[in-house]
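Student: Just one file: model.pdb, with PDB, C-alpha atoms, pLDDT in the B column.
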ATOM      1  CA  ASN A  30      29.578 -27.011  -8.217  1.00 49.00           C
ATOM      2  CA  GLY A  31      33.340 -27.068  -8.332  1.00 57.00           C
ATOM      3  CA  VAL A  32      36.396 -29.282  -8.193  1.00 60.00           C
ATOM      4  CA  ASN A  33      36.380 -32.594  -6.342  1.00 61.00           C
ATOM      5  CA  PHE A  34      39.411 -33.538  -4.278  1.00 61.00           C
ATOM      6  CA  ALA A  35      39.834 -37.214  -3.358  1.00 65.00           C
ATOM      7  CA  GLY A  36      36.222 -37.806  -4.274  1.00 61.00           C
ATOM      8  CA  SER A  37      34.828 -35.056  -2.003  1.00 61.00           C
ATOM      9  CA  ASP A  38      33.162 -31.821  -3.046  1.00 59.00           C
ATOM     10  CA  SER A  39      35.517 -28.889  -2.551  1.00 56.00           C
ATOM     11  CA  GLY A  40      32.710 -26.735  -1.187  1.00 60.00           C
ATOM     12  CA  ILE A  41      33.548 -24.044  -3.724  1.00 62.00           C
ATOM     13  CA  ASN A  42      30.412 -22.552  -5.240  1.00 66.00           C
ATOM     14  CA  PRO A  43      30.606 -20.815  -8.620  1.00 72.00           C
ATOM     15  CA  HIS A  44      29.350 -17.235  -8.747  1.00 80.00           C
ATOM     16  CA  THR A  45      25.953 -16.767 -10.381  1.00 88.00           C
ATOM     17  CA  HIS A  46      24.376 -13.831 -12.203  1.00 91.00           C
ATOM     18  CA  THR A  47      20.621 -13.271 -12.097  1.00 91.00           C
ATOM     19  CA  GLU A  48      18.432 -10.788 -13.968  1.00 91.00           C
ATOM     20  CA  SER A  49      15.027 -10.601 -12.298  1.00 85.00           C
ATOM     21  CA  ALA A  50      12.621  -8.369 -10.395  1.00 78.00           C
ATOM     22  CA  ASN A  51      12.654 -10.956  -7.603  1.00 80.00           C
ATOM     23  CA  GLU A  52      15.527 -11.437  -5.170  1.00 83.00           C
ATOM     24  CA  PRO A  53      17.497 -14.637  -5.938  1.00 87.00           C
ATOM     25  CA  SER A  54      17.127 -17.385  -3.376  1.00 86.00           C
ATOM     26  CA  SER A  55      20.070 -18.921  -1.457  1.00 85.00           C
ATOM     27  CA  PRO A  56      22.747 -16.513  -2.762  1.00 88.00           C
ATOM     28  CA  ASN A  57      26.478 -16.852  -2.088  1.00 87.00           C
ATOM     29  CA  ASN A  58      28.951 -14.030  -1.465  1.00 86.00           C
ATOM     30  CA  GLY A  59      30.119 -12.761  -4.840  1.00 87.00           C
ATOM     31  CA  ASP A  60      26.850 -13.480  -6.685  1.00 90.00           C
ATOM     32  CA  THR A  61      25.491 -10.636  -8.827  1.00 92.00           C
ATOM     33  CA  TRP A  62      21.904  -9.611  -9.494  1.00 90.00           C
ATOM     34  CA  TRP A  63      20.430  -7.095 -11.916  1.00 89.00           C
ATOM     35  CA  ASP A  64      17.293  -5.994 -10.032  1.00 81.00           C
ATOM     36  CA  SER A  65      15.168  -5.241 -13.085  1.00 78.00           C
ATOM     37  CA  GLY A  66      12.268  -4.016 -10.940  1.00 68.00           C
ATOM     38  CA  ASN A  67      14.362  -1.138  -9.559  1.00 68.00           C
ATOM     39  CA  ASP A  68      17.127  -0.836 -12.187  1.00 74.00           C
ATOM     40  CA  ILE A  69      19.913  -1.513  -9.653  1.00 81.00           C
ATOM     41  CA  TYR A  70      22.954  -3.763 -10.123  1.00 86.00           C
ATOM     42  CA  LYS A  71      23.693  -5.586  -6.868  1.00 88.00           C
ATOM     43  CA  VAL A  72      26.415  -7.819  -5.473  1.00 90.00           C
ATOM     44  CA  TYR A  73      25.975 -10.229  -2.565  1.00 88.00           C
ATOM     45  CA  MET A  74      28.623  -9.205  -0.008  1.00 84.00           C
ATOM     46  CA  ASP A  75      28.915  -9.934   3.711  1.00 80.00           C
ATOM     47  CA  ASN A  76      25.707 -11.960   3.486  1.00 80.00           C
ATOM     48  CA  ALA A  77      23.587  -9.060   2.163  1.00 84.00           C
ATOM     49  CA  TRP A  78      22.639  -7.643  -1.244  1.00 84.00           C
ATOM     50  CA  LYS A  79      24.417  -4.320  -1.813  1.00 85.00           C
ATOM     51  CA  ASP A  80      24.670  -2.067  -4.830  1.00 82.00           C
ATOM     52  CA  TRP A  81      27.866  -2.298  -6.878  1.00 75.00           C
ATOM     53  CA  LEU A  82      29.445   0.620  -4.983  1.00 68.00           C
ATOM     54  CA  GLY A  83      29.221  -1.412  -1.794  1.00 58.00           C
ATOM     55  CA  THR A  84      26.398   0.470  -0.063  1.00 57.00           C
ATOM     56  CA  SER A  85      23.257  -1.221   1.162  1.00 57.00           C
ATOM     57  CA  ALA A  86      20.588  -1.509  -1.507  1.00 52.00           C
ATOM     58  CA  PRO A  87      17.378   0.345  -0.627  1.00 56.00           C
ATOM     59  CA  ALA A  88      14.602  -1.858   0.673  1.00 65.00           C
ATOM     60  CA  VAL A  89      11.365  -1.942  -1.321  1.00 68.00           C
ATOM     61  CA  PRO A  90       8.308  -1.658   0.957  1.00 77.00           C
ATOM     62  CA  ALA A  91       6.161  -4.785   1.056  1.00 76.00           C
ATOM     63  CA  TRP A  92       3.265  -2.808  -0.418  1.00 79.00           C
ATOM     64  CA  GLY A  93       5.346  -0.971  -3.043  1.00 80.00           C
ATOM     65  CA  GLY A  94       6.598  -1.204  -6.591  1.00 83.00           C
ATOM     66  CA  ASN A  95       7.160   0.832  -9.752  1.00 87.00           C
ATOM     67  CA  ARG A  96       3.557   0.893 -10.963  1.00 91.00           C
ATOM     68  CA  GLY A  97       1.126   3.612  -9.877  1.00 93.00           C
ATOM     69  CA  ILE A  98      -2.627   2.984  -9.904  1.00 94.00           C
ATOM     70  CA  ILE A  99      -5.461   5.553 -10.054  1.00 94.00           C
ATOM     71  CA  SER A 100      -9.041   4.385  -9.477  1.00 94.00           C
ATOM     72  CA  GLY A 101     -12.430   6.078  -9.643  1.00 92.00           C
ATOM     73  CA  GLY A 102     -12.887   9.810  -9.154  1.00 90.00           C
ATOM     74  CA  GLU A 103     -15.230  12.696  -9.971  1.00 89.00           C
ATOM     75  CA  PRO A 104     -14.770  14.393 -13.365  1.00 90.00           C
ATOM     76  CA  SER A 105     -15.333  18.133 -13.900  1.00 87.00           C
ATOM     77  CA  SER A 106     -18.518  17.284 -15.793  1.00 86.00           C
ATOM     78  CA  GLY A 107     -19.957  15.634 -12.673  1.00 83.00           C
ATOM     79  CA  GLY A 108     -20.893  12.043 -12.008  1.00 87.00           C
ATOM     80  CA  ARG A 109     -18.527   9.298 -10.933  1.00 92.00           C
ATOM     81  CA  LEU A 110     -15.752   7.368 -12.669  1.00 93.00           C
ATOM     82  CA  VAL A 111     -15.432   3.591 -12.875  1.00 95.00           C
ATOM     83  CA  ASP A 112     -12.001   3.731 -14.509  1.00 96.00           C
ATOM     84  CA  ILE A 113      -8.744   2.277 -13.247  1.00 96.00           C
ATOM     85  CA  SER A 114      -5.594   3.637 -14.907  1.00 96.00           C
ATOM     86  CA  ARG A 115      -1.900   2.893 -14.478  1.00 95.00           C
ATOM     87  CA  PHE A 116       1.486   4.495 -15.048  1.00 95.00           C
ATOM     88  CA  ASP A 117       5.172   3.674 -14.528  1.00 92.00           C
ATOM     89  CA  ILE A 118       6.532   5.746 -11.624  1.00 91.00           C
ATOM     90  CA  THR A 119      10.104   5.577 -12.997  1.00 87.00           C
ATOM     91  CA  THR A 120       9.199   6.923 -16.467  1.00 89.00           C
ATOM     92  CA  ALA A 121       7.402  10.214 -17.109  1.00 90.00           C
ATOM     93  CA  GLY A 122       4.374   9.869 -19.356  1.00 92.00           C
ATOM     94  CA  ASN A 123       0.604   9.694 -19.496  1.00 95.00           C
ATOM     95  CA  ALA A 124      -1.438   7.126 -17.597  1.00 95.00           C
ATOM     96  CA  VAL A 125      -3.070   4.367 -19.648  1.00 96.00           C
ATOM     97  CA  ASP A 126      -6.210   2.311 -19.158  1.00 96.00           C
ATOM     98  CA  PHE A 127      -5.989  -0.621 -16.747  1.00 96.00           C
ATOM     99  CA  GLY A 128      -9.619  -1.732 -16.360  1.00 97.00           C
ATOM    100  CA  ASP A 129     -12.736  -0.856 -14.368  1.00 97.00           C
ATOM    101  CA  LEU A 130     -13.914  -0.981 -10.765  1.00 97.00           C
ATOM    102  CA  THR A 131     -17.055  -3.000 -10.045  1.00 96.00           C
ATOM    103  CA  GLY A 132     -18.918   0.317  -9.761  1.00 94.00           C
ATOM    104  CA  ALA A 133     -18.372   4.048 -10.274  1.00 93.00           C
ATOM    105  CA  SER A 134     -17.148   5.868  -7.158  1.00 91.00           C
ATOM    106  CA  TYR A 135     -15.001   8.659  -5.723  1.00 90.00           C
ATOM    107  CA  ASP A 136     -13.607   9.601  -2.278  1.00 88.00           C
ATOM    108  CA  GLY A 137     -12.350   6.082  -1.597  1.00 89.00           C
ATOM    109  CA  SER A 138      -8.939   4.745  -0.552  1.00 92.00           C
ATOM    110  CA  GLY A 139      -6.719   1.751  -1.198  1.00 93.00           C
ATOM    111  CA  VAL A 140      -4.159  -0.662   0.233  1.00 95.00           C
ATOM    112  CA  SER A 141      -1.703  -3.000  -1.453  1.00 94.00           C
ATOM    113  CA  SER A 142       0.570  -5.965  -0.907  1.00 90.00           C
ATOM    114  CA  GLY A 143       2.490  -5.245  -4.092  1.00 83.00           C
ATOM    115  CA  ALA A 144       0.862  -8.338  -5.640  1.00 88.00           C
ATOM    116  CA  ARG A 145      -2.749  -7.309  -4.890  1.00 94.00           C
ATOM    117  CA  ALA A 146      -4.486  -3.943  -4.500  1.00 95.00           C
ATOM    118  CA  VAL A 147      -7.734  -3.526  -2.544  1.00 97.00           C
ATOM    119  CA  ILE A 148      -9.819  -0.396  -3.125  1.00 96.00           C
ATOM    120  CA  GLN A 149     -12.606   0.816  -0.857  1.00 93.00           C
ATOM    121  CA  HIS A 150     -15.250   2.678  -2.823  1.00 92.00           C
ATOM    122  CA  GLY A 151     -16.310   6.063  -1.479  1.00 88.00           C
ATOM    123  CA  ILE A 152     -19.416   7.764  -2.881  1.00 88.00           C
ATOM    124  CA  PRO A 153     -21.136   6.003  -5.774  1.00 88.00           C
ATOM    125  CA  SER A 154     -23.657   7.811  -7.956  1.00 75.00           C
ATOM    126  CA  GLY A 155     -26.867   8.706  -6.128  1.00 70.00           C
ATOM    127  CA  SER A 156     -25.637   7.566  -2.714  1.00 71.00           C
ATOM    128  CA  THR A 157     -24.056   9.013   0.448  1.00 73.00           C
ATOM    129  CA  GLY A 158     -21.496   6.235   0.723  1.00 84.00           C
ATOM    130  CA  THR A 159     -20.723   2.568   0.360  1.00 90.00           C
ATOM    131  CA  ASN A 160     -18.818  -0.216   2.118  1.00 92.00           C
ATOM    132  CA  THR A 161     -17.711  -1.999  -1.085  1.00 95.00           C
ATOM    133  CA  LEU A 162     -14.166  -3.368  -1.395  1.00 97.00           C
ATOM    134  CA  ASP A 163     -12.698  -4.310  -4.807  1.00 97.00           C
ATOM    135  CA  TYR A 164      -9.412  -6.030  -5.648  1.00 97.00           C
ATOM    136  CA  PHE A 165      -7.119  -6.647  -8.604  1.00 96.00           C
ATOM    137  CA  ALA A 166      -3.487  -7.545  -9.357  1.00 94.00           C
ATOM    138  CA  PRO A 167      -1.559  -4.325 -10.225  1.00 92.00           C
ATOM    139  CA  ALA A 168       0.759  -6.265 -12.544  1.00 89.00           C
ATOM    140  CA  THR A 169      -2.087  -7.576 -14.719  1.00 91.00           C
ATOM    141  CA  PRO A 170      -4.471  -5.127 -16.450  1.00 94.00           C
ATOM    142  CA  GLY A 171      -8.127  -6.087 -16.124  1.00 95.00           C
ATOM    143  CA  ASN A 172     -11.326  -5.320 -14.274  1.00 97.00           C
ATOM    144  CA  ALA A 173     -11.578  -5.413 -10.488  1.00 97.00           C
ATOM    145  CA  SER A 174     -13.464  -8.144  -8.606  1.00 97.00           C
ATOM    146  CA  ASP A 175     -15.504  -7.963  -5.416  1.00 97.00           C
ATOM    147  CA  PHE A 176     -13.363  -8.497  -2.288  1.00 97.00           C
ATOM    148  CA  GLY A 177     -15.947  -8.043   0.485  1.00 97.00           C
ATOM    149  CA  ASP A 178     -17.337  -5.194   2.609  1.00 96.00           C
ATOM    150  CA  ARG A 179     -16.165  -2.795   5.305  1.00 95.00           C
ATOM    151  CA  THR A 180     -17.928  -2.859   8.676  1.00 94.00           C
ATOM    152  CA  VAL A 181     -19.269   0.698   8.064  1.00 91.00           C
ATOM    153  CA  THR A 182     -20.747   2.523   5.098  1.00 89.00           C
ATOM    154  CA  GLY A 183     -19.292   5.941   4.306  1.00 85.00           C
ATOM    155  CA  TRP A 184     -16.892   8.155   2.391  1.00 85.00           C
ATOM    156  CA  ASN A 185     -13.690  10.208   2.902  1.00 85.00           C
ATOM    157  CA  ASN A 186     -12.057   7.169   4.484  1.00 88.00           C
ATOM    158  CA  ILE A 187      -8.282   6.650   4.649  1.00 91.00           C
ATOM    159  CA  SER A 188      -6.117   3.544   4.774  1.00 95.00           C
ATOM    160  CA  VAL A 189      -2.690   2.156   5.669  1.00 96.00           C
ATOM    161  CA  SER A 190      -1.011  -1.147   4.857  1.00 95.00           C
ATOM    162  CA  SER A 191       1.812  -3.344   6.118  1.00 92.00           C
ATOM    163  CA  GLY A 192       1.838  -5.340   2.889  1.00 90.00           C
ATOM    164  CA  ALA A 193       0.061  -8.276   4.554  1.00 92.00           C
ATOM    165  CA  ARG A 194      -2.732  -6.355   6.312  1.00 96.00           C
ATOM    166  CA  GLY A 195      -4.743  -3.324   5.242  1.00 96.00           C
ATOM    167  CA  VAL A 196      -6.480  -1.056   7.777  1.00 97.00           C
ATOM    168  CA  PHE A 197      -9.278   1.328   6.798  1.00 96.00           C
ATOM    169  CA  MET A 198      -9.761   4.298   9.126  1.00 94.00           C
ATOM    170  CA  GLY A 199     -12.698   6.579   9.796  1.00 90.00           C
ATOM    171  CA  GLY A 200     -15.028   8.038   7.197  1.00 86.00           C
ATOM    172  CA  GLY A 201     -18.344   9.810   7.262  1.00 84.00           C
ATOM    173  CA  ALA A 202     -21.965   9.601   6.182  1.00 81.00           C
ATOM    174  CA  SER A 203     -24.921  12.023   6.494  1.00 75.00           C
ATOM    175  CA  GLY A 204     -23.114  14.369   8.902  1.00 74.00           C
ATOM    176  CA  SER A 205     -21.684  11.560  11.070  1.00 80.00           C
ATOM    177  CA  TYR A 206     -17.939  11.000  11.442  1.00 87.00           C
ATOM    178  CA  PHE A 207     -16.695   7.517  12.312  1.00 88.00           C
ATOM    179  CA  ASN A 208     -13.883   6.600  14.669  1.00 92.00           C
ATOM    180  CA  THR A 209     -14.149   3.049  13.337  1.00 93.00           C
ATOM    181  CA  MET A 210     -11.117   1.167  12.082  1.00 96.00           C
ATOM    182  CA  ASP A 211     -11.384  -2.235  10.422  1.00 96.00           C
ATOM    183  CA  TYR A 212      -8.855  -4.485   8.724  1.00 97.00           C
ATOM    184  CA  ILE A 213      -8.450  -7.113   6.033  1.00 97.00           C
ATOM    185  CA  THR A 214      -5.841  -9.707   5.162  1.00 96.00           C
ATOM    186  CA  ILE A 215      -4.991  -8.535   1.650  1.00 95.00           C
ATOM    187  CA  ALA A 216      -4.232 -12.019   0.292  1.00 93.00           C
ATOM    188  CA  SER A 217      -7.642 -13.412   1.385  1.00 94.00           C
ATOM    189  CA  ALA A 218     -10.876 -11.956   0.025  1.00 95.00           C
ATOM    190  CA  GLY A 219     -13.599 -11.454   2.613  1.00 96.00           C
ATOM    191  CA  ASN A 220     -15.335  -8.880   4.787  1.00 97.00           C
ATOM    192  CA  ALA A 221     -13.330  -6.531   7.007  1.00 97.00           C
ATOM    193  CA  THR A 222     -13.033  -7.158  10.758  1.00 97.00           C
ATOM    194  CA  ASP A 223     -13.119  -4.596  13.572  1.00 96.00           C
ATOM    195  CA  PHE A 224      -9.622  -3.318  14.434  1.00 97.00           C
ATOM    196  CA  GLY A 225     -10.325  -0.687  17.111  1.00 97.00           C
ATOM    197  CA  ASP A 226     -11.155   3.031  17.271  1.00 96.00           C
ATOM    198  CA  LEU A 227      -9.445   6.279  16.364  1.00 94.00           C
ATOM    199  CA  THR A 228      -9.109   8.833  19.168  1.00 93.00           C
ATOM    200  CA  ASN A 229     -11.985  10.781  17.558  1.00 89.00           C
ATOM    201  CA  GLY A 230     -14.366  10.516  14.637  1.00 88.00           C
ATOM    202  CA  SER A 231     -12.672  11.579  11.429  1.00 87.00           C
ATOM    203  CA  ALA A 232     -13.384  12.081   7.739  1.00 86.00           C
ATOM    204  CA  GLY A 233     -11.358  13.904   5.090  1.00 84.00           C
ATOM    205  CA  ALA A 234      -8.108  13.052   6.881  1.00 90.00           C
ATOM    206  CA  SER A 235      -4.896  11.668   5.403  1.00 92.00           C
ATOM    207  CA  ALA A 236      -2.599   8.841   6.439  1.00 94.00           C
ATOM    208  CA  THR A 237       0.981   7.662   6.157  1.00 94.00           C
ATOM    209  CA  ASN A 238       2.759   4.496   7.255  1.00 94.00           C
ATOM    210  CA  ASN A 239       5.778   2.242   7.233  1.00 90.00           C
ATOM    211  CA  GLU A 240       5.564  -1.553   7.501  1.00 87.00           C
ATOM    212  CA  THR A 241       4.720  -1.510  11.208  1.00 92.00           C
ATOM    213  CA  ARG A 242       2.991   1.773  12.110  1.00 96.00           C
ATOM    214  CA  GLY A 243       0.182   3.805  10.526  1.00 96.00           C
ATOM    215  CA  VAL A 244      -0.565   7.476  11.358  1.00 96.00           C
ATOM    216  CA  ARG A 245      -3.894   9.294  10.823  1.00 94.00           C
ATOM    217  CA  ILE A 246      -3.513  13.042  10.161  1.00 92.00           C
ATOM    218  CA  GLY A 247      -6.191  15.730  10.718  1.00 89.00           C
ATOM    219  CA  GLY A 248      -9.622  15.728   9.077  1.00 85.00           C
ATOM    220  CA  PHE A 249     -13.150  16.645  10.148  1.00 81.00           C
ATOM    221  CA  SER A 250     -13.855  15.797  13.783  1.00 78.00           C
ATOM    222  CA  ALA A 251     -17.476  17.046  13.557  1.00 71.00           C
ATOM    223  CA  SER A 252     -19.601  18.927  11.054  1.00 67.00           C
ATOM    224  CA  ASN A 253     -17.540  21.887   9.772  1.00 71.00           C
ATOM    225  CA  THR A 254     -15.001  21.375  12.585  1.00 80.00           C
ATOM    226  CA  PHE A 255     -11.396  20.719  11.567  1.00 83.00           C
ATOM    227  CA  THR A 256      -8.853  18.924  13.741  1.00 86.00           C
ATOM    228  CA  ASN A 257      -5.065  18.916  14.095  1.00 89.00           C
ATOM    229  CA  VAL A 258      -5.027  15.503  15.767  1.00 90.00           C
ATOM    230  CA  MET A 259      -2.559  12.831  14.691  1.00 92.00           C
ATOM    231  CA  ASP A 260      -2.925   9.347  16.144  1.00 95.00           C
ATOM    232  CA  TYR A 261      -1.211   6.050  15.354  1.00 97.00           C
ATOM    233  CA  ILE A 262      -1.655   2.298  15.340  1.00 97.00           C
ATOM    234  CA  THR A 263       0.605  -0.734  15.105  1.00 96.00           C
ATOM    235  CA  ILE A 264      -0.794  -2.298  11.941  1.00 95.00           C
ATOM    236  CA  GLY A 265      -0.075  -5.901  12.930  1.00 93.00           C
ATOM    237  CA  THR A 266      -1.796  -5.604  16.336  1.00 93.00           C
ATOM    238  CA  THR A 267      -5.483  -4.762  16.743  1.00 96.00           C
ATOM    239  CA  GLY A 268      -6.459  -2.107  19.266  1.00 96.00           C
ATOM    240  CA  ASN A 269      -7.413   1.540  19.637  1.00 97.00           C
ATOM    241  CA  ALA A 270      -5.267   4.342  18.205  1.00 97.00           C
ATOM    242  CA  THR A 271      -2.912   6.315  20.449  1.00 96.00           C
ATOM    243  CA  ASP A 272      -2.199  10.068  20.344  1.00 95.00           C
ATOM    244  CA  PHE A 273       0.854  10.809  18.205  1.00 95.00           C
ATOM    245  CA  GLY A 274       0.954  14.622  18.326  1.00 93.00           C
ATOM    246  CA  ASP A 275      -0.575  17.583  16.474  1.00 91.00           C
ATOM    247  CA  THR A 276      -0.187  19.077  13.007  1.00 88.00           C
ATOM    248  CA  LEU A 277       0.913  22.722  12.720  1.00 88.00           C
ATOM    249  CA  ALA A 278      -2.634  23.720  11.756  1.00 82.00           C
ATOM    250  CA  SER A 279      -6.063  22.114  11.788  1.00 79.00           C
ATOM    251  CA  GLY A 280      -7.084  21.032   8.323  1.00 75.00           C
ATOM    252  CA  ILE A 281      -8.800  18.601   6.000  1.00 72.00           C
ATOM    253  CA  TYR A 282      -8.003  16.947   2.663  1.00 76.00           C
ATOM    254  CA  ASN A 283      -4.249  17.362   3.164  1.00 74.00           C
ATOM    255  CA  GLY A 284      -1.844  15.183   1.233  1.00 72.00           C
ATOM    256  CA  SER A 285       0.672  12.776   2.751  1.00 66.00           C
TER
END
Take the structure in the file and write it out as C-alpha cells.

Tutor:
Amino acid sequence: NGVNFAGSDSGINPHTHTESANEPSSPNNGDTWWDSGNDIYKVYMDNAWKDWLGTSAPAVPAWGGNRGIISGGEPSSGGRLVDISRFDITTAGNAVDFGDLTGASYDGSGVSSGARAVIQHGIPSGSTGTNTLDYFAPATPGNASDFGDRTVTGWNNISVSSGARGVFMGGGASGSYFNTMDYITIASAGNATDFGDLTNGSAGASATNNETRGVRIGGFSASNTFTNVMDYITIGTTGNATDFGDTLASGIYNGS
C-alpha cells in the first residue's frame, strides 16, 4: 500500500475510486466514490462522505431507494387488481410490470427495508378485509410470496417503517375501527406481533415517519365520524401511541 522505509510500511494508503450503489467499506480520507444509486460524486473528507463541493451528502433512509412500487388497487371497471408495477423515481416515464401479489386486493399498505417490501392486503374480492402480508425484493421483478398475517383482519390500514421494523396501524371491518398496532421484523417472514394501541380507533388515516418515529394522521374514528387526531410512536420501542397534536381540519384519506 505504499513505500517501505527500512523494511517498515510507510502507513501511506493510496487513494481509491469506487463506482457502486453501496457505500465503500473502510474508506480513507481522499477516496472518491461515484454513488450510482443516487447519481452523486462523493469524496471522503474529515472521516465522512461528502459531495464534491464539500457539503455533506444526503442520507438515504433505511427504507428508501430510487425504485417506486405500486401494488393492487381497484380499477374503474370494478373488481380488484393483483398487479405489482414499478418505476424509476429519478426518471419520468410509465410504470412497467413487476409481478403479482398472492391475491387481488385494494386499500392495503406497505413497509420496506430497501431490500425487502412487505405489503398488507386490504379488501380482496368478495370480502370485507384480510390480514394477509406479502413480500418481495424491490430490486428483483417477480411475484410476491406469503410473509405471514396481521393480528387483525381489516382494510384502510396504514403503516410506518424504520427500515428494520414495520408497524401496521389501525384499520376497519364491518363498521368497526381498530386502535390495534402490530409489527414485523421485515427481514424475517412470520406473523405480526402486538405493538400497542393508537389513541383511538382509526381507518382511512395516513401516516408519515423518519427512522425513529411514526405519526398517524386523521381518519375515521367511528362510523361517518372524521377525526383531526395525530398521534405518534417510537418505531423501535413497543407501546401505546401518544398524542402529537391536531390537523387543521378533520378528514380522511389524506395524503402524506

Student: Return as a PyMOL selection string the set of residues that the PyMOL selection byres ((chain A and resi 150-156) around 12) yields on the displayed structure.

Tutor: chain A and resi 100-103+107-111+130-140+147-149+157-164+173+175-179+181-188+197+199-203+232-233

Student: Could you work out an axis-aligned box for segment 171-177 of chain A, taking every atom the file lists and adding 3 Å on each side, and report centre and edge lengths in Å to one decimal, as lines of an AutoDock Vina configuration file?

Tutor:
center_x = -12.0
center_y = -6.9
center_z = -7.8
size_x = 13.8
size_y = 9.2
size_z = 22.6

Student: Between A:Pro170, A:Pro43, A:Pro104, A:Gly195, which has the minimum distance to Ala91 of chain A (counting only C-alpha atoms)?

Tutor: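 With only C-alpha atoms as the atom set, the closest residue is A:Gly195.
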
Student: Under the rule that all atoms listed in the file are counted, which of A:Ser114, A:Thr120, A:Ser54, A:Thr209 is the nearest residue to Thr169 of chain A?

Tutor: A:Ser114

Student: Running the PyMOL selection byres ((chain A and resi 211-228) around 8) on this model by hand, what would come out? Give it as a PyMOL selection string.

Tutor: chain A and resi 141-142+145-147+176-180+192-199+208-210+229-231+260+267-272

Student: Given the selection you just returned, output its residues as a file containing C-alpha atoms, formatted as a compact mmCIF listing (two decimals), keeping the file's coordinate frame.

Tutor:
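again.txt, freshly written:
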# COMPACT_ATOMS: atom_id res chain seq x y z
CA SER A 141 -1.70 -3.00 -1.45
CA SER A 142 0.57 -5.96 -0.91
CA ARG A 145 -2.75 -7.31 -4.89
CA ALA A 146 -4.49 -3.94 -4.50
CA VAL A 147 -7.73 -3.53 -2.54
CA PHE A 176 -13.36 -8.50 -2.29
CA GLY A 177 -15.95 -8.04 0.48
CA ASP A 178 -17.34 -5.19 2.61
CA ARG A 179 -16.16 -2.80 5.30
CA THR A 180 -17.93 -2.86 8.68
CA GLY A 192 1.84 -5.34 2.89
CA ALA A 193 0.06 -8.28 4.55
CA ARG A 194 -2.73 -6.36 6.31
CA GLY A 195 -4.74 -3.32 5.24
CA VAL A 196 -6.48 -1.06 7.78
CA PHE A 197 -9.28 1.33 6.80
CA MET A 198 -9.76 4.30 9.13
CA GLY A 199 -12.70 6.58 9.80
CA ASN A 208 -13.88 6.60 14.67
CA THR A 209 -14.15 3.05 13.34
CA MET A 210 -11.12 1.17 12.08
CA ASN A 229 -11.98 10.78 17.56
CA GLY A 230 -14.37 10.52 14.64
CA SER A 231 -12.67 11.58 11.43
CA ASP A 260 -2.92 9.35 16.14
CA THR A 267 -5.48 -4.76 16.74
CA GLY A 268 -6.46 -2.11 19.27
CA ASN A 269 -7.41 1.54 19.64
CA ALA A 270 -5.27 4.34 18.20
CA THR A 271 -2.91 6.32 20.45
CA ASP A 272 -2.20 10.07 20.34

Student: Please provide as an mmCIF file with C-alpha atoms, keeping the file's coordinate frame all residues within 9 Å of Thr256 of chain A, with the sequence filter that same-chain residues fewer than 4 positions apart are discarded (counting only C-alpha atoms).

Tutor:
data_model
loop_
_atom_site.group_PDB
_atom_site.id
_atom_site.type_symbol
_atom_site.label_atom_id
_atom_site.label_comp_id
_atom_site.auth_asym_id
_atom_site.auth_seq_id
_atom_site.Cartn_x
_atom_site.Cartn_y
_atom_site.Cartn_z
ATOM 1 C CA SER A 231 -12.672 11.579 11.429
ATOM 2 C CA ILE A 246 -3.513 13.042 10.161
ATOM 3 C CA GLY A 247 -6.191 15.730 10.718
ATOM 4 C CA GLY A 248 -9.622 15.728 9.077
ATOM 5 C CA PHE A 249 -13.150 16.645 10.148
ATOM 6 C CA SER A 250 -13.855 15.797 13.783
ATOM 7 C CA ALA A 251 -17.476 17.046 13.557
ATOM 8 C CA ASP A 275 -0.575 17.583 16.474
ATOM 9 C CA THR A 276 -0.187 19.077 13.007
ATOM 10 C CA ALA A 278 -2.634 23.720 11.756
ATOM 11 C CA SER A 279 -6.063 22.114 11.788
ATOM 12 C CA GLY A 280 -7.084 21.032 8.323
ATOM 13 C CA ILE A 281 -8.800 18.601 6.000
#

Student: One decimal, in Å: what's the spacing between atom CA of Thr254 of chain A and atom CA of Gly204 of chain A?

Tutor: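 We find that atom CA of Thr254 of chain A and atom CA of Gly204 of chain A lie 11.3 Å from each other.
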
Student: Counting all atoms listed in the file, which residue out of A:Gly243, A:Gly274, A:Pro90, A:Gly143 sits closest to Val258 of chain A?

Tutor: A:Gly274

Student: Given only C-alpha atoms as the basis, pick out the residue of A:Glu48, A:Asp117, A:Asp60, A:Asp126 nearest to Met74 of chain A.

Tutor: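 The answer is A:Asp60, which sits nearest to Met74 of chain A.
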
Student: Kindly give the distance, in Å, that separates atom CA of Ala234 of chain A and atom CA of Arg96 of chain A, rounded to a single decimal.

Tutor: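 Computing the Euclidean distance for atom CA of Ala234 of chain A and atom CA of Arg96 of chain A yields 24.5 Å.
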
Student: What is the distance between atom CA of Gly265 of chain A and atom CA of Asn283 of chain A, in Å to one decimal?

Tutor: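 One can read the atom CA of Gly265 of chain A to atom CA of Asn283 of chain A distance as 25.6 Å.
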
Student: Mind checking which residues fall within 8 Å of Tyr73 of chain A, counting all atoms listed in the file, ignoring those fewer than 5 positions away in the same chain, and posting them as a list of chain:residue names?

Tutor: A:Pro56, A:Asn57, A:Asn58, A:Gly59, A:Asp60, A:Thr61, A:Trp78, A:Lys79

Student: Would you mind listing what lies within 7 Å of Trp81 of chain A as a ChimeraX atom specification, with all atoms listed in the file counted and same-chain residues fewer than 4 positions away left out?

Tutor: /A:70-72

Student: Which residues come within 10 Å of Arg242 of chain A, counting all atoms listed in the file, excluding same-chain residues fewer than 6 positions away, as a list of chain:residue names?

Tutor: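 Returned residues: A:Val189, A:Ser190, A:Ser191, A:Tyr261, A:Ile262, A:Thr263, A:Ile264, A:Gly265, A:Thr266.
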
Student: Now that the selection is made, can you save its residues with C-alpha atoms as a PDB file, in the frame of the given file?

Tutor:
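To be explicit, this is the file written out as again32.pdb:
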ATOM      1  CA  VAL A 189      -2.690   2.156   5.669  1.00 96.00           C
ATOM      2  CA  SER A 190      -1.011  -1.147   4.857  1.00 95.00           C
ATOM      3  CA  SER A 191       1.812  -3.344   6.118  1.00 92.00           C
ATOM      4  CA  TYR A 261      -1.211   6.050  15.354  1.00 97.00           C
ATOM      5  CA  ILE A 262      -1.655   2.298  15.340  1.00 97.00           C
ATOM      6  CA  THR A 263       0.605  -0.734  15.105  1.00 96.00           C
ATOM      7  CA  ILE A 264      -0.794  -2.298  11.941  1.00 95.00           C
ATOM      8  CA  GLY A 265      -0.075  -5.901  12.930  1.00 93.00           C
ATOM      9  CA  THR A 266      -1.796  -5.604  16.336  1.00 93.00           C
TER      10      THR A 266
END
